[in-house]
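Participant: I have a structure I would like to understand better, so I am pasting it below and will then ask my questions one at a time.
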Amino acid sequence: MFAQGDLVVYGGEGVCRVEGVGTPATTGIDKTKMYYTLSPLYRTGQVMTPVDTGVLMRPVMTKAEAAAFLEELPQLPPEGPDGTTQRFAKEHYHEVVTSYDCRRMAAMIKYTCQRRRWAQQHGRKISQLDERYLRRAEEQLYGELAVALGIDRQEVCGYIRRAYPAWPEG
C-alpha cells in the first residue's frame, strides 16, 4: 500500500503524488472501501481510485534505477509493430504505452524516430498515429525520468542525449 506523499505511476495519468489514503466524504462513493487521492504532476485535477484498483499503479523508479535504465539505452533494440497495417501499428503502440514499461516505451521511441528520420530523408512524413503514440510514450517516459532524476521534464531528452548522443530528439 502506498502512503501519503509517495510518487506513483498510475494508469494513463502518469506520475502522481498520493495526497491521501482513506474513505472520502464524497457522496456516491463506496464507504466500505479505502481510496487513494492522487494529484497528477503534469496536469491539473485529482483522481480518486480504490486502493485495490485493477489499474496499473507502481512506484516511480528511483534515481539509481533511472541511471541503470539510461545505461541500457544504447543496447536497447527498437521495437515496432509486427504488421504493416495501421491496425497492427495502433494495437502495438497502444499495448506499449499502456504497459507503462519504460524499456518498451524507450524501444518504441527509438523505432518511431528511426521511421521519422527515414521518412524525412525520402521527402515523406510518418503517420499521425505514429506521431500521437510517440508523444504519449515520450510524455510518460520523460515524466517518470524527470521525477526520478530530479530535473524538469523538458530537460530529460537533453539529459539522455548527453549520456547517449544517438538518442533521438523528440
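The chains in the C-alpha cells are called A, B, ... from first to last as shown; in each chain the residues are counted from 1, and the ligands are counted from 1 in the order shown.
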Skipping near chain neighbours, those fewer than 2 positions away, what residues fall within 8 Å of Thr62 (chain A) using only C-alpha atoms, listed as an NGL selection string?
Facilitator: :A and (60 or 64-66 or 148-149)
Participant: Using DSSP assignments from the backbone, pull out every residue in chain A that falls under alpha helix (DSSP H) and give it to me as a PyMOL selection string.
Facilitator: chain A and resi 63-72+86-99+102-121+128-149+156-163
Participant: DSSP on the backbone, then: every residue of chain A marked strand (DSSP E or B), written as a PyMOL selection string.
Facilitator: chain A and resi 7-10+14-22+35-40+47-50+57-59
Participant: Ranking A:Ile29, A:Leu73, A:Ile126, A:Val47 by minimum distance to Trp167 (chain A) and counting only C-alpha atoms, which one comes first?
Facilitator: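 With only C-alpha atoms as the atom set, the closest residue is A:Leu73.
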Participant: Do you know which residues are at most 6 Å from Val8 (chain A) counting only C-alpha atoms, after dropping those on the same chain fewer than 2 positions away, and could you put them as a list of chain:residue names?
Facilitator: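 Residues near the query, excluding close chain neighbours: A:Val15, A:Cys16, A:Arg58, A:Pro59, A:Val60.
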Participant: Find the residue from A:Leu7, A:Leu129, A:Ala137, A:Val18 that sits nearest to Ala106 (chain A); use only C-alpha atoms when measuring.
Facilitator: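 Counting only C-alpha atoms, the residue closest to Ala106 (chain A) is A:Ala137.
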Participant: When you look at Met105 (chain A) with a cut-off of 12 Å (counting only C-alpha atoms), what residues show up, excluding the ones that are within fewer than 2 positions of it in the same chain? I need them as a PyMOL selection string.
Facilitator: chain A and resi 69+73+76-80+92-103+107-112+133-142+144
Participant: Go ahead and save the picked residues with C-alpha atoms, as a CSV table (one decimal), in the first residue's frame.
Facilitator:
chain,number,residue,atom,x,y,z
A,69,PHE,CA,17.9,2.3,-17.3
A,73,LEU,CA,19.6,2.5,-23.8
A,76,LEU,CA,18.0,-1.5,-26.4
A,77,PRO,CA,16.7,-2.6,-29.8
A,78,PRO,CA,14.0,-0.5,-31.5
A,79,GLU,CA,10.5,-2.1,-31.0
A,80,GLY,CA,7.8,-1.7,-33.7
A,92,HIS,CA,1.1,-2.4,-30.8
A,93,TYR,CA,1.6,1.2,-29.8
A,94,HIS,CA,-1.4,1.1,-27.5
A,95,GLU,CA,-0.1,-2.1,-25.9
A,96,VAL,CA,3.3,-0.5,-25.3
A,97,VAL,CA,2.1,2.8,-23.8
A,98,THR,CA,-0.5,1.1,-21.6
A,99,SER,CA,2.1,-1.3,-20.3
A,100,TYR,CA,4.0,1.7,-18.7
A,101,ASP,CA,7.1,-0.4,-19.2
A,102,CYS,CA,10.0,2.1,-19.6
A,103,ARG,CA,12.1,-0.2,-21.6
A,107,ALA,CA,12.3,1.0,-27.6
A,108,MET,CA,9.2,2.3,-29.3
A,109,ILE,CA,10.5,5.8,-29.2
A,110,LYS,CA,13.7,4.6,-30.9
A,111,TYR,CA,11.7,2.8,-33.6
A,112,THR,CA,9.3,5.6,-34.3
A,133,TYR,CA,1.8,7.4,-29.8
A,134,LEU,CA,5.4,8.8,-29.9
A,135,ARG,CA,4.2,11.8,-27.9
A,136,ARG,CA,2.4,9.6,-25.4
A,137,ALA,CA,5.4,7.4,-24.9
A,138,GLU,CA,7.7,10.4,-24.5
A,139,GLU,CA,5.3,12.1,-22.1
A,140,GLN,CA,5.1,9.0,-19.9
A,141,LEU,CA,8.7,8.0,-20.0
A,142,TYR,CA,10.2,11.5,-19.7
A,144,GLU,CA,8.9,9.5,-14.8
Participant: Go ahead and compute the interatomic distance for CA of Met48 (chain A) and CA of Gly20 (chain A), in Å to one decimal.
Facilitator: 9.4 Å
Participant: Need to verify the contact set: region 23-28 of chain A, 12 Å, only C-alpha atoms, exclusion of same-chain residues closer than 4 positions in sequence. Can you return it as a PyMOL selection string?
Facilitator: chain A and resi 19+32-37+47-51
Participant: Which is closest to Thr85 (chain A) among A:Asp130, A:Val147, A:Lys31, A:Arg124, if we use only C-alpha atoms?
Facilitator: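 Nearest to Thr85 (chain A): A:Asp130.
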